[in-house]
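> Next up, coords35.cif (mmCIF, C-alpha atoms).
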```
data_start
loop_
_atom_site.label_atom_id
_atom_site.label_comp_id
_atom_site.auth_asym_id
_atom_site.auth_seq_id
_atom_site.Cartn_x
_atom_site.Cartn_y
_atom_site.Cartn_z
CA MET A 1 -15.72 21.77 -36.34
CA TYR A 2 -14.92 24.21 -33.55
CA ASP A 3 -11.48 25.57 -32.62
CA PHE A 4 -10.17 24.66 -29.18
CA ASP A 5 -6.47 24.73 -30.08
CA SER A 6 -6.03 28.50 -30.33
CA ASN A 7 -4.15 30.23 -27.52
CA VAL A 8 -6.68 33.03 -27.12
CA ASN A 9 -5.07 36.11 -25.59
CA ARG A 10 -7.18 37.04 -22.57
CA PHE A 11 -4.89 39.72 -21.18
CA ASP A 12 -6.37 43.24 -20.98
CA LYS A 13 -9.95 41.89 -21.27
CA TYR A 14 -10.78 42.16 -17.55
CA SER A 15 -10.45 38.39 -17.12
CA LEU A 16 -10.24 37.39 -13.47
CA LYS A 17 -8.41 34.21 -14.42
CA TRP A 18 -5.81 36.07 -16.47
CA ASN A 19 -5.34 38.98 -14.08
CA VAL A 20 -1.76 37.79 -13.59
CA GLU A 21 1.75 38.70 -14.66
CA ARG A 22 2.51 38.17 -18.35
CA GLU A 23 4.94 35.31 -17.70
CA GLU A 24 2.48 33.44 -15.48
CA LEU A 25 0.19 30.62 -16.59
CA PRO A 26 -3.19 30.64 -14.76
CA MET A 27 -4.80 27.22 -14.37
CA TRP A 28 -6.93 28.01 -11.34
CA VAL A 29 -10.43 29.52 -11.43
CA ALA A 30 -13.10 27.41 -13.16
CA ASP A 31 -13.63 29.05 -16.51
CA MET A 32 -12.44 27.97 -19.94
CA ASP A 33 -9.96 29.53 -22.33
CA PHE A 34 -12.17 28.48 -25.26
CA ARG A 35 -14.16 30.93 -27.32
CA VAL A 36 -17.90 30.60 -26.85
CA CYS A 37 -19.67 28.69 -29.61
CA THR A 38 -20.55 30.83 -32.62
CA GLU A 39 -24.30 30.27 -32.22
CA ILE A 40 -24.21 32.02 -28.85
CA VAL A 41 -22.04 34.86 -30.16
CA ASP A 42 -24.29 35.34 -33.20
CA SER A 43 -27.41 35.53 -31.03
CA MET A 44 -25.78 38.18 -28.84
CA ARG A 45 -24.46 40.08 -31.85
CA ASP A 46 -28.01 40.40 -33.15
CA ILE A 47 -28.99 42.08 -29.88
CA LEU A 48 -25.89 44.30 -29.92
CA ASN A 49 -26.52 45.37 -33.51
CA HIS A 50 -30.06 46.34 -32.56
CA GLY A 51 -28.42 48.92 -30.31
CA ILE A 52 -31.12 49.35 -27.65
CA PHE A 53 -30.67 47.94 -24.16
CA GLY A 54 -33.77 48.95 -22.30
CA TYR A 55 -35.70 46.78 -19.87
CA SER A 56 -36.43 43.26 -21.06
CA TYR A 57 -38.70 40.38 -20.09
CA ILE A 58 -38.03 36.64 -20.00
CA PRO A 59 -39.63 35.00 -23.05
CA ASP A 60 -41.24 31.57 -23.20
CA GLU A 61 -38.31 30.36 -25.31
CA TYR A 62 -36.04 30.66 -22.27
CA TYR A 63 -38.12 28.20 -20.24
CA GLU A 64 -38.75 25.93 -23.20
CA SER A 65 -35.02 25.65 -23.94
CA ILE A 66 -34.31 24.53 -20.36
CA ILE A 67 -37.15 21.99 -20.39
CA SER A 68 -36.02 20.59 -23.74
CA TRP A 69 -32.35 20.33 -22.72
CA TRP A 70 -33.02 18.29 -19.58
CA ARG A 71 -35.65 16.14 -21.30
CA ASN A 72 -33.48 15.27 -24.29
CA ARG A 73 -30.13 14.94 -22.55
CA TYR A 74 -31.09 13.47 -19.17
CA HIS A 75 -34.69 12.21 -19.58
CA TYR A 76 -35.78 14.50 -16.77
CA GLU A 77 -39.17 16.16 -17.16
CA ILE A 78 -39.34 19.70 -15.78
CA LYS A 79 -42.66 21.50 -15.79
CA ARG A 80 -42.68 25.17 -16.72
CA GLU A 81 -44.04 26.21 -13.34
CA TYR A 82 -41.13 24.54 -11.53
CA ILE A 83 -38.60 27.02 -12.96
CA LEU A 84 -37.60 30.23 -11.19
CA HIS A 85 -35.11 32.46 -12.95
CA SER A 86 -32.22 33.97 -11.02
CA CYS A 87 -29.05 35.90 -11.82
CA GLY A 88 -26.69 33.23 -10.50
CA VAL A 89 -26.27 29.99 -8.59
CA VAL A 90 -24.28 31.50 -5.71
CA PRO A 91 -26.72 34.37 -5.05
CA SER A 92 -29.50 31.79 -5.15
CA ILE A 93 -27.78 29.51 -2.63
CA SER A 94 -27.19 32.41 -0.25
CA THR A 95 -30.82 33.51 -0.59
CA ILE A 96 -32.13 29.99 0.02
CA ILE A 97 -30.06 29.70 3.19
CA ASN A 98 -31.27 33.07 4.41
CA THR A 99 -34.91 32.25 3.62
CA LEU A 100 -35.28 28.64 4.76
CA SER A 101 -33.13 28.63 7.89
CA ASN A 102 -32.50 30.79 10.93
CA LYS A 103 -29.36 32.26 12.44
CA GLY A 104 -27.38 29.54 14.16
CA ASP A 105 -28.89 26.71 12.12
CA GLY A 106 -26.59 24.03 10.73
CA ILE A 107 -25.93 23.85 7.00
CA LEU A 108 -24.27 20.62 5.88
CA VAL A 109 -21.56 20.40 3.20
CA GLN A 110 -19.28 17.60 2.01
CA PRO A 111 -15.69 18.81 2.03
CA PRO A 112 -13.39 19.25 0.34
CA VAL A 113 -15.95 21.35 -1.52
CA TYR A 114 -16.46 24.60 -3.42
CA HIS A 115 -15.15 27.28 -1.06
CA VAL A 116 -17.93 29.80 -1.73
CA PHE A 117 -20.40 27.50 0.05
CA TYR A 118 -18.65 28.32 3.32
CA ARG A 119 -18.97 32.03 2.62
CA CYS A 120 -22.69 31.71 1.89
CA ILE A 121 -23.20 29.89 5.18
CA LYS A 122 -21.06 32.09 7.40
CA ASP A 123 -22.21 35.40 5.87
CA ASN A 124 -25.76 34.40 6.80
CA ASP A 125 -24.70 33.64 10.40
CA ARG A 126 -25.33 29.93 10.00
CA VAL A 127 -23.11 27.11 11.21
CA VAL A 128 -21.06 24.93 8.84
CA ILE A 129 -21.59 21.21 9.48
CA ASN A 130 -18.99 19.08 7.71
CA ASN A 131 -19.63 15.60 6.37
CA PRO A 132 -16.15 14.96 4.92
CA LEU A 133 -15.91 12.70 1.90
CA ILE A 134 -13.74 9.62 2.41
CA TYR A 135 -10.68 9.39 0.16
CA GLU A 136 -9.41 5.88 -0.50
CA ASN A 137 -8.08 3.96 -3.49
CA ASN A 138 -7.62 7.24 -5.33
CA THR A 139 -11.31 8.13 -5.27
CA TYR A 140 -14.01 9.54 -2.99
CA ARG A 141 -17.11 8.10 -1.37
CA VAL A 142 -19.74 9.40 1.05
CA ASP A 143 -19.48 8.54 4.75
CA PHE A 144 -23.14 7.65 5.24
CA ASP A 145 -22.92 6.89 8.96
CA ASP A 146 -21.47 10.33 9.57
CA LEU A 147 -23.95 11.90 7.14
CA GLU A 148 -26.96 10.54 8.99
CA ASN A 149 -25.59 11.69 12.32
CA LYS A 150 -24.88 15.18 10.98
CA LEU A 151 -28.26 15.49 9.26
CA LYS A 152 -29.91 15.26 12.68
CA HIS A 153 -28.37 18.67 13.41
CA SER A 154 -28.83 20.26 9.97
CA LYS A 155 -31.54 22.42 8.47
CA ILE A 156 -30.20 22.37 4.91
CA MET A 157 -27.73 20.24 2.97
CA ILE A 158 -25.79 21.69 0.04
CA LEU A 159 -25.15 18.86 -2.41
CA CYS A 160 -22.53 19.52 -5.07
CA ASN A 161 -23.10 17.12 -7.95
CA PRO A 162 -20.99 16.85 -9.99
CA HIS A 163 -18.66 17.60 -7.12
CA ASN A 164 -16.16 20.45 -7.24
CA PRO A 165 -13.23 19.99 -6.64
CA VAL A 166 -13.07 16.18 -6.50
CA SER A 167 -14.54 16.00 -10.03
CA LYS A 168 -17.01 13.23 -9.35
CA ALA A 169 -20.59 12.78 -10.52
CA PHE A 170 -22.17 10.61 -7.85
CA ASP A 171 -23.94 7.45 -9.01
CA LYS A 172 -27.68 6.95 -8.65
CA ASP A 173 -27.42 4.66 -5.63
CA THR A 174 -25.31 7.20 -3.74
CA LEU A 175 -27.65 10.04 -4.61
CA ARG A 176 -30.72 8.05 -3.73
CA LYS A 177 -29.29 7.14 -0.33
CA ILE A 178 -28.44 10.80 0.33
CA GLY A 179 -31.96 11.79 -0.67
CA GLU A 180 -33.65 9.16 1.45
CA LEU A 181 -31.66 10.23 4.51
CA CYS A 182 -32.58 13.87 3.93
CA VAL A 183 -36.25 12.93 3.57
CA LYS A 184 -36.02 10.89 6.78
CA HIS A 185 -34.57 13.82 8.73
CA ASN A 186 -36.63 16.54 7.01
CA VAL A 187 -33.60 18.34 5.59
CA ILE A 188 -33.93 20.61 2.56
CA VAL A 189 -31.38 19.86 -0.18
CA ILE A 190 -29.86 22.60 -2.32
CA SER A 191 -28.51 20.59 -5.25
CA ASP A 192 -25.86 22.61 -7.06
CA GLU A 193 -25.66 20.94 -10.48
CA ILE A 194 -23.80 23.67 -12.38
CA HIS A 195 -21.17 21.22 -13.72
CA CYS A 196 -23.79 18.67 -14.81
CA ASP A 197 -23.10 18.75 -18.55
CA ILE A 198 -19.36 18.19 -18.18
CA THR A 199 -19.44 14.48 -17.44
CA LYS A 200 -18.22 11.28 -19.06
CA ASP A 201 -20.78 8.91 -20.56
CA PHE A 202 -23.71 11.01 -19.28
CA SER A 203 -22.86 9.90 -15.73
CA TYR A 204 -24.84 12.76 -14.18
CA THR A 205 -28.24 12.12 -12.63
CA PRO A 206 -30.55 15.05 -11.75
CA PHE A 207 -31.10 14.71 -8.01
CA ALA A 208 -34.78 15.66 -8.13
CA SER A 209 -35.44 12.97 -10.75
CA LEU A 210 -34.82 10.12 -8.30
CA SER A 211 -38.26 10.07 -6.65
CA ASP A 212 -41.21 12.28 -5.82
CA GLU A 213 -40.23 12.24 -2.15
CA ILE A 214 -36.71 13.44 -2.92
CA ALA A 215 -37.98 16.04 -5.39
CA ASN A 216 -40.29 17.37 -2.68
CA ILE A 217 -37.32 18.45 -0.48
CA THR A 218 -35.01 19.57 -3.30
CA ILE A 219 -34.12 22.93 -4.81
CA SER A 220 -32.01 22.30 -7.89
CA ALA A 221 -29.69 25.03 -9.18
CA PHE A 222 -28.94 24.96 -12.92
CA SER A 223 -26.98 27.29 -15.17
CA PRO A 224 -25.29 27.30 -18.59
CA HIS A 225 -22.33 29.17 -17.07
CA LYS A 226 -19.83 26.30 -16.78
CA THR A 227 -21.09 24.27 -19.72
CA PHE A 228 -20.85 27.07 -22.24
CA ASN A 229 -18.29 29.39 -20.62
CA ILE A 230 -20.65 32.32 -20.09
CA ALA A 231 -20.31 32.90 -16.35
CA ASP A 232 -20.20 36.68 -16.66
CA LEU A 233 -23.65 36.80 -18.27
CA HIS A 234 -25.35 36.03 -14.94
CA VAL A 235 -28.14 33.66 -15.89
CA SER A 236 -29.35 30.64 -13.93
CA CYS A 237 -32.50 29.05 -12.59
CA LEU A 238 -33.89 27.12 -9.67
CA VAL A 239 -36.10 24.11 -10.28
CA ILE A 240 -38.49 23.43 -7.39
CA HIS A 241 -41.19 20.73 -7.56
CA ASN A 242 -42.70 21.52 -4.15
CA LYS A 243 -45.31 24.24 -4.72
CA ALA A 244 -45.22 25.65 -1.18
CA LEU A 245 -41.42 25.81 -1.22
CA ARG A 246 -41.46 27.34 -4.68
CA GLU A 247 -43.84 30.11 -3.65
CA ILE A 248 -41.64 30.98 -0.68
CA MET A 249 -38.52 31.12 -2.85
CA GLU A 250 -40.22 33.06 -5.64
CA LYS A 251 -41.08 35.78 -3.15
CA SER A 252 -37.60 35.71 -1.63
CA LEU A 253 -35.84 35.97 -4.97
CA ARG A 254 -38.01 38.97 -5.73
CA ILE A 255 -37.37 40.60 -2.34
CA ASN A 256 -33.62 40.16 -2.78
CA HIS A 257 -33.75 41.40 -6.38
CA ILE A 258 -31.93 38.41 -7.85
CA ALA A 259 -34.78 37.31 -10.12
CA THR A 260 -33.89 40.05 -12.56
CA SER A 261 -32.82 39.26 -16.10
CA ASN A 262 -30.51 40.81 -18.65
CA ILE A 263 -31.17 40.52 -22.35
CA LEU A 264 -27.70 39.24 -23.27
CA GLY A 265 -27.75 36.51 -20.65
CA ILE A 266 -31.25 35.34 -21.56
CA THR A 267 -30.42 35.39 -25.28
CA ALA A 268 -27.18 33.48 -24.73
CA SER A 269 -28.93 30.86 -22.59
CA ILE A 270 -31.60 30.25 -25.23
CA ALA A 271 -28.95 29.88 -27.94
CA ALA A 272 -26.76 27.63 -25.77
CA TYR A 273 -29.49 25.16 -24.90
CA GLY A 274 -31.04 25.40 -28.35
CA HIS A 275 -27.94 25.20 -30.54
CA GLY A 276 -24.89 24.41 -28.38
CA ARG A 277 -25.01 20.62 -28.33
CA LEU A 278 -22.41 20.03 -31.05
CA TRP A 279 -20.00 22.57 -29.54
CA LEU A 280 -20.41 20.93 -26.15
CA ASN A 281 -19.79 17.44 -27.48
CA GLU A 282 -16.63 18.57 -29.29
CA MET A 283 -15.45 20.48 -26.22
CA LEU A 284 -15.92 17.41 -24.03
CA GLY A 285 -13.85 15.32 -26.40
CA TYR A 286 -11.12 17.95 -26.30
CA ILE A 287 -10.90 18.21 -22.51
CA TRP A 288 -10.97 14.42 -22.08
CA GLY A 289 -7.99 14.42 -24.43
CA ASN A 290 -6.34 17.02 -22.22
CA GLU A 291 -7.05 14.89 -19.19
CA ALA A 292 -5.44 11.84 -20.80
CA MET A 293 -2.38 13.93 -21.65
CA VAL A 294 -2.05 15.17 -18.06
CA ARG A 295 -2.54 11.75 -16.51
CA ASP A 296 0.02 10.12 -18.83
CA PHE A 297 2.61 12.85 -18.24
CA VAL A 298 2.21 12.87 -14.47
CA SER A 299 2.38 9.09 -14.14
CA THR A 300 5.50 9.02 -16.33
CA HIS A 301 7.42 12.09 -15.17
CA ILE A 302 6.12 13.15 -11.73
CA SER A 303 5.92 9.98 -9.67
CA ASN A 304 5.33 11.75 -6.35
CA ILE A 305 2.00 13.22 -7.53
CA SER A 306 -1.12 11.19 -8.31
CA ILE A 307 -4.45 12.31 -9.72
CA ALA A 308 -7.78 11.35 -8.18
CA LYS A 309 -10.12 9.34 -10.39
CA SER A 310 -12.75 11.53 -12.00
CA ASN A 311 -15.76 11.33 -14.27
CA ALA A 312 -16.81 14.97 -14.39
CA THR A 313 -15.74 18.62 -14.72
CA TYR A 314 -12.64 20.05 -16.39
CA LEU A 315 -10.89 20.18 -13.01
CA LEU A 316 -8.27 17.65 -11.92
CA TRP A 317 -7.57 16.98 -8.25
CA LEU A 318 -3.87 16.38 -7.71
CA ASP A 319 -2.78 14.40 -4.66
CA CYS A 320 0.51 15.92 -3.52
CA GLY A 321 0.67 14.24 -0.11
CA ASN A 322 4.09 12.76 -0.86
CA LEU A 323 5.49 16.29 -1.13
CA MET A 324 4.28 17.43 2.27
CA GLY A 325 6.80 17.59 5.08
CA ASP A 326 9.60 19.92 6.11
CA ARG A 327 9.37 22.08 2.97
CA PHE A 328 5.59 22.34 2.66
CA ASN A 329 3.12 22.22 5.52
CA ASN A 330 0.16 22.02 3.16
CA SER A 331 -0.96 22.55 -0.42
CA SER A 332 -1.14 26.31 0.05
CA ASP A 333 2.61 26.37 0.61
CA LEU A 334 3.11 24.20 -2.47
CA ALA A 335 0.84 26.33 -4.67
CA THR A 336 2.65 29.48 -3.55
CA TYR A 337 6.01 27.86 -4.32
CA LEU A 338 4.94 26.76 -7.81
CA ARG A 339 3.61 30.20 -8.69
CA LYS A 340 6.72 31.96 -7.43
CA GLU A 341 9.27 29.59 -8.96
CA THR A 342 7.57 28.54 -12.21
CA GLY A 343 4.70 30.98 -12.83
CA LEU A 344 2.17 28.14 -12.73
CA TYR A 345 -0.92 29.36 -10.87
CA VAL A 346 -3.14 26.56 -9.56
CA SER A 347 -5.69 26.41 -6.74
CA SER A 348 -4.64 25.23 -3.32
CA GLY A 349 -6.76 22.38 -2.01
CA LEU A 350 -6.71 24.07 1.37
CA ASP A 351 -9.21 26.59 -0.04
CA PHE A 352 -11.82 23.82 -0.24
CA GLY A 353 -11.82 22.93 3.43
CA LEU A 354 -11.23 19.67 5.28
CA GLY A 355 -9.42 17.05 3.25
CA GLY A 356 -7.88 19.50 0.81
CA GLU A 357 -4.63 19.97 2.71
CA ASN A 358 -2.58 17.74 0.39
CA PHE A 359 -4.21 18.59 -2.93
CA LEU A 360 -3.98 21.05 -5.79
CA ARG A 361 -6.82 21.76 -8.23
CA LEU A 362 -5.84 22.07 -11.89
CA ASN A 363 -8.10 23.54 -14.60
CA ILE A 364 -7.50 21.77 -17.93
CA ALA A 365 -10.06 23.70 -20.04
CA THR A 366 -7.43 25.30 -22.21
CA SER A 367 -5.41 24.64 -25.36
CA LYS A 368 -3.08 21.66 -25.61
CA ASP A 369 -0.15 24.06 -26.03
CA ARG A 370 -0.91 25.51 -22.62
CA ILE A 371 -1.41 22.04 -21.14
CA ARG A 372 2.10 21.13 -22.30
CA ASP A 373 3.47 24.38 -20.88
CA CYS A 374 1.70 23.67 -17.59
CA LEU A 375 3.09 20.15 -17.33
CA ASN A 376 6.64 21.26 -18.02
CA ARG A 377 6.37 24.00 -15.40
CA LEU A 378 4.95 21.53 -12.90
CA LYS A 379 7.66 18.98 -13.60
CA ASN A 380 10.46 21.56 -13.36
CA GLY A 381 9.04 22.96 -10.14
CA ILE A 382 8.76 19.57 -8.47
CA GLU A 383 12.25 18.53 -9.59
CA ALA A 384 13.71 21.71 -8.11
CA ILE A 385 12.37 20.97 -4.63
#
```
Go ahead and express the file in the form of structure tokens.

Amino acid sequence: MYDFDSNVNRFDKYSLKWNVEREELPMWVADMDFRVCTEIVDSMRDILNHGIFGYSYIPDEYYESIISWWRNRYHYEIKREYILHSCGVVPSISTIINTLSNKGDGILVQPPVYHVFYRCIKDNDRVVINNPLIYENNTYRVDFDDLENKLKHSKIMILCNPHNPVSKAFDKDTLRKIGELCVKHNVIVISDEIHCDITKDFSYTPFASLSDEIANITISAFSPHKTFNIADLHVSCLVIHNKALREIMEKSLRINHIATSNILGITASIAAYGHGRLWLNEMLGYIWGNEAMVRDFVSTHISNISIAKSNATYLLWLDCGNLMGDRFNNSSDLATYLRKETGLYVSSGLDFGLGGENFLRLNIATSKDRIRDCLNRLKNGIEAI
């Protein structure tokens, strides 16, 4: 039995999330306030106690742990040669864009979406092509007519599945249709699947598992960062079925020096995939309990906010459209107000591009005490408007 109820003090530990005033409550950036599972800590402690941190190599156990995790949890067979190690999903995405497209090429995203995608595109002098998700009946769906039209002008599509921030793992039919359209228009897919393990009822489907044709145009990005709360250990991988594409990316990762490893990250990854299943299952039960608490409280006490339906991630997408008007032009104004007046620090939906103007993103991967504190601050702030 693991402890998720403790209010772990993260002040003065160089936490980006908790780099706030003492009276503030940060519920923004996507990391958890839970201690890492003991099996990961013990594996790292063994390295620390050894006391030597010279150059390291990536052992076979690293690759075997990845293969075993996806086989056992998602029935997806990954061959050893498909895996390329990298130091992070974002550096990998940026490198892929730089390698497989040219300046001025279109890179397609589905907003509202993870804001760093825009930075990766623009920093490489590429053009953002938006295929906005359609929001109706409190959930999101893909606009396939618009997608096909936009793919005609795109070199690469960045697929975020499960999707951040709308917290949706797309179903197989949706993913297959996306894949078939990308095959039809010869568009490479970068499939960012970093939130894949945080889903309800195993609702995540590996994109490259759908067909050989789809796998042939796909570069999947995996990492234990979100699942096991080890983002600062900088360990991830790309899975590429297409040999020619894989050889190009292997060289590019090497040229850009992001294929390097660190012994703590590699050790933690092996321990996570090898021994973290029970911790993950308990953690999922805890955050789904947090979600139920938030949904019940909001529906009962804050009638002018609704929460989008979700089946993935520990992020909730709050629809605050009823609060927009004379006082708030957009969710950035509302987020600023809440932080100033209540100390509650949440993400503005405006950060995630088109369609985020009326939304706030709330991170619920924290103790139930802090969830209650958050809800009371939110309620008091809204009532004071």
> Can you translate the PyMOL selection byres ((chain A and resi 372-384) around 10) into the concrete residues it hits in this file, as JSON, numbers by chain?
{"A": [25, 26, 27, 290, 293, 294, 297, 298, 301, 302, 303, 304, 305, 323, 334, 337, 338, 339, 340, 341, 342, 343, 344, 345, 346, 362, 364, 367, 368, 369, 370, 371, 385]}
> Go through A:Ser269, A:Asn124, A:Asn9, A:Asn131 and flag the residue nearest Thr227 (chain A), using only C-alpha atoms for the distances.
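Ranking A:Ser269, A:Asn124, A:Asn9, A:Asn131 by distance to Thr227 (chain A), first place goes to A:Ser269.
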> As a check of understanding, name the residues that the PyMOL selection byres ((chain A and resi 5) around 12) selects in the supplied structure, as a VMD selection string.
chain A and resid 1 to 4 6 to 8 33 to 35 282 to 283 286 to 287 289 to 290 365 to 371
> For each of A:Pro111, A:Pro165, A:Gly274, A:Gly356, take the minimum atom-to-atom distance to Val128 (chain A), counting all atoms listed in the file, then give the residue where this is smallest.
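Of the candidates, the smallest distance to Val128 (chain A) is held by A:Pro111.
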> Between CA of Ile52 (chain A) and CA of Ser236 (chain A), what is the distance, to one decimal in Å?
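The value is 23.3 Å.
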> May I have the protein, DNA and RNA residues with an atom at most 12 Å from (-21.3, 10.5, 5.2), counting only C-alpha atoms in the file's coordinates, returned as an MDAnalysis selection string?
chainID A and resid 108:111 129:135 140:151 157 159 174:175 177:178 181:182
> What is the distance, in Å and to one decimal place, between CA of Lys309 (chain A) and CA of Met324 (chain A)?
20.8 Å
> Can you work out which one of A:Leu315, A:Leu354, A:Cys320, A:Ile270 has the shortest atom-to-atom distance to Asp42 (chain A), counting all atoms listed in the file?
A:Ile270
> Neighbours of Leu84 (chain A) within 12 Å (only C-alpha atoms; same-chain residues fewer than 5 positions away dropped), as a PyMOL selection string?
chain A and resi 58+62-63+66+78-79+89+92+219-223+235-241+243+245-254+258-261
> Which residues, written as a PDB file with C-alpha atoms, keeping the file's coordinate frame, have at least one atom at most 7 Å from region 197-202 of chain A, with all atoms listed in the file counted and residues fewer than 6 positions away on the same chain left out?

```
ATOM      1  CA  THR A 227     -21.090  24.270 -19.720  1.00  0.00           C
ATOM      2  CA  LEU A 284     -15.920  17.410 -24.030  1.00  0.00           C
ATOM      3  CA  ASN A 311     -15.760  11.330 -14.270  1.00  0.00           C
ATOM      4  CA  ALA A 312     -16.810  14.970 -14.390  1.00  0.00           C
ATOM      5  CA  THR A 313     -15.740  18.620 -14.720  1.00  0.00           C
TER       6      THR A 313
END
```
> Which residues fall under the PyMOL selection byres ((chain A and resi 186) around 9) in this file, as a PyMOL selection string?
chain A and resi 151-152+155-156+181-185+187-188+217
> Kindly add all heavy atoms to the incomplete region 154-160 of chain A and provide the output as an mmCIF file, in the coordinates of the input.

```cif
data_model
loop_
_atom_site.group_PDB
_atom_site.id
_atom_site.type_symbol
_atom_site.label_atom_id
_atom_site.label_comp_id
_atom_site.auth_asym_id
_atom_site.auth_seq_id
_atom_site.Cartn_x
_atom_site.Cartn_y
_atom_site.Cartn_z
ATOM 1 N N SER A 154 -28.898 19.378 11.136
ATOM 2 C CA SER A 154 -28.830 20.260 9.970
ATOM 3 C C SER A 154 -30.215 20.683 9.513
ATOM 4 O O SER A 154 -31.167 19.899 9.568
ATOM 5 C CB SER A 154 -28.115 19.546 8.812
ATOM 6 O OG SER A 154 -26.826 19.112 9.188
ATOM 7 N N LYS A 155 -30.299 21.900 9.051
ATOM 8 C CA LYS A 155 -31.540 22.420 8.470
ATOM 9 C C LYS A 155 -31.542 22.229 6.956
ATOM 10 O O LYS A 155 -32.573 21.934 6.347
ATOM 11 C CB LYS A 155 -31.692 23.908 8.813
ATOM 12 C CG LYS A 155 -33.002 24.522 8.390
ATOM 13 C CD LYS A 155 -34.126 24.098 9.310
ATOM 14 C CE LYS A 155 -35.395 24.876 9.012
ATOM 15 N NZ LYS A 155 -36.496 24.486 9.909
ATOM 16 N N ILE A 156 -30.362 22.423 6.363
ATOM 17 C CA ILE A 156 -30.200 22.370 4.910
ATOM 18 C C ILE A 156 -28.919 21.609 4.596
ATOM 19 O O ILE A 156 -27.926 21.722 5.319
ATOM 20 C CB ILE A 156 -30.118 23.787 4.304
ATOM 21 C CG1 ILE A 156 -31.445 24.543 4.488
ATOM 22 C CG2 ILE A 156 -29.745 23.745 2.827
ATOM 23 C CD1 ILE A 156 -31.352 26.025 4.114
ATOM 24 N N MET A 157 -28.944 20.844 3.513
ATOM 25 C CA MET A 157 -27.730 20.240 2.970
ATOM 26 C C MET A 157 -27.449 20.852 1.612
ATOM 27 O O MET A 157 -28.358 20.971 0.786
ATOM 28 C CB MET A 157 -27.875 18.730 2.819
ATOM 29 C CG MET A 157 -26.689 18.085 2.127
ATOM 30 S SD MET A 157 -26.857 16.274 1.987
ATOM 31 C CE MET A 157 -25.339 15.881 1.102
ATOM 32 N N ILE A 158 -26.199 21.247 1.377
ATOM 33 C CA ILE A 158 -25.790 21.690 0.040
ATOM 34 C C ILE A 158 -25.086 20.509 -0.624
ATOM 35 O O ILE A 158 -23.994 20.096 -0.212
ATOM 36 C CB ILE A 158 -24.854 22.906 0.075
ATOM 37 C CG1 ILE A 158 -25.489 24.057 0.866
ATOM 38 C CG2 ILE A 158 -24.534 23.355 -1.357
ATOM 39 C CD1 ILE A 158 -24.583 25.278 0.988
ATOM 40 N N LEU A 159 -25.715 19.956 -1.637
ATOM 41 C CA LEU A 159 -25.150 18.860 -2.410
ATOM 42 C C LEU A 159 -24.485 19.439 -3.646
ATOM 43 O O LEU A 159 -25.105 20.211 -4.380
ATOM 44 C CB LEU A 159 -26.249 17.876 -2.803
ATOM 45 C CG LEU A 159 -25.858 16.746 -3.753
ATOM 46 C CD1 LEU A 159 -24.868 15.792 -3.095
ATOM 47 C CD2 LEU A 159 -27.106 15.987 -4.228
ATOM 48 N N CYS A 160 -23.248 19.070 -3.876
ATOM 49 C CA CYS A 160 -22.530 19.520 -5.070
ATOM 50 C C CYS A 160 -22.352 18.320 -5.981
ATOM 51 O O CYS A 160 -21.539 17.432 -5.718
ATOM 52 C CB CYS A 160 -21.164 20.099 -4.661
ATOM 53 S SG CYS A 160 -20.299 20.984 -5.974
#
```
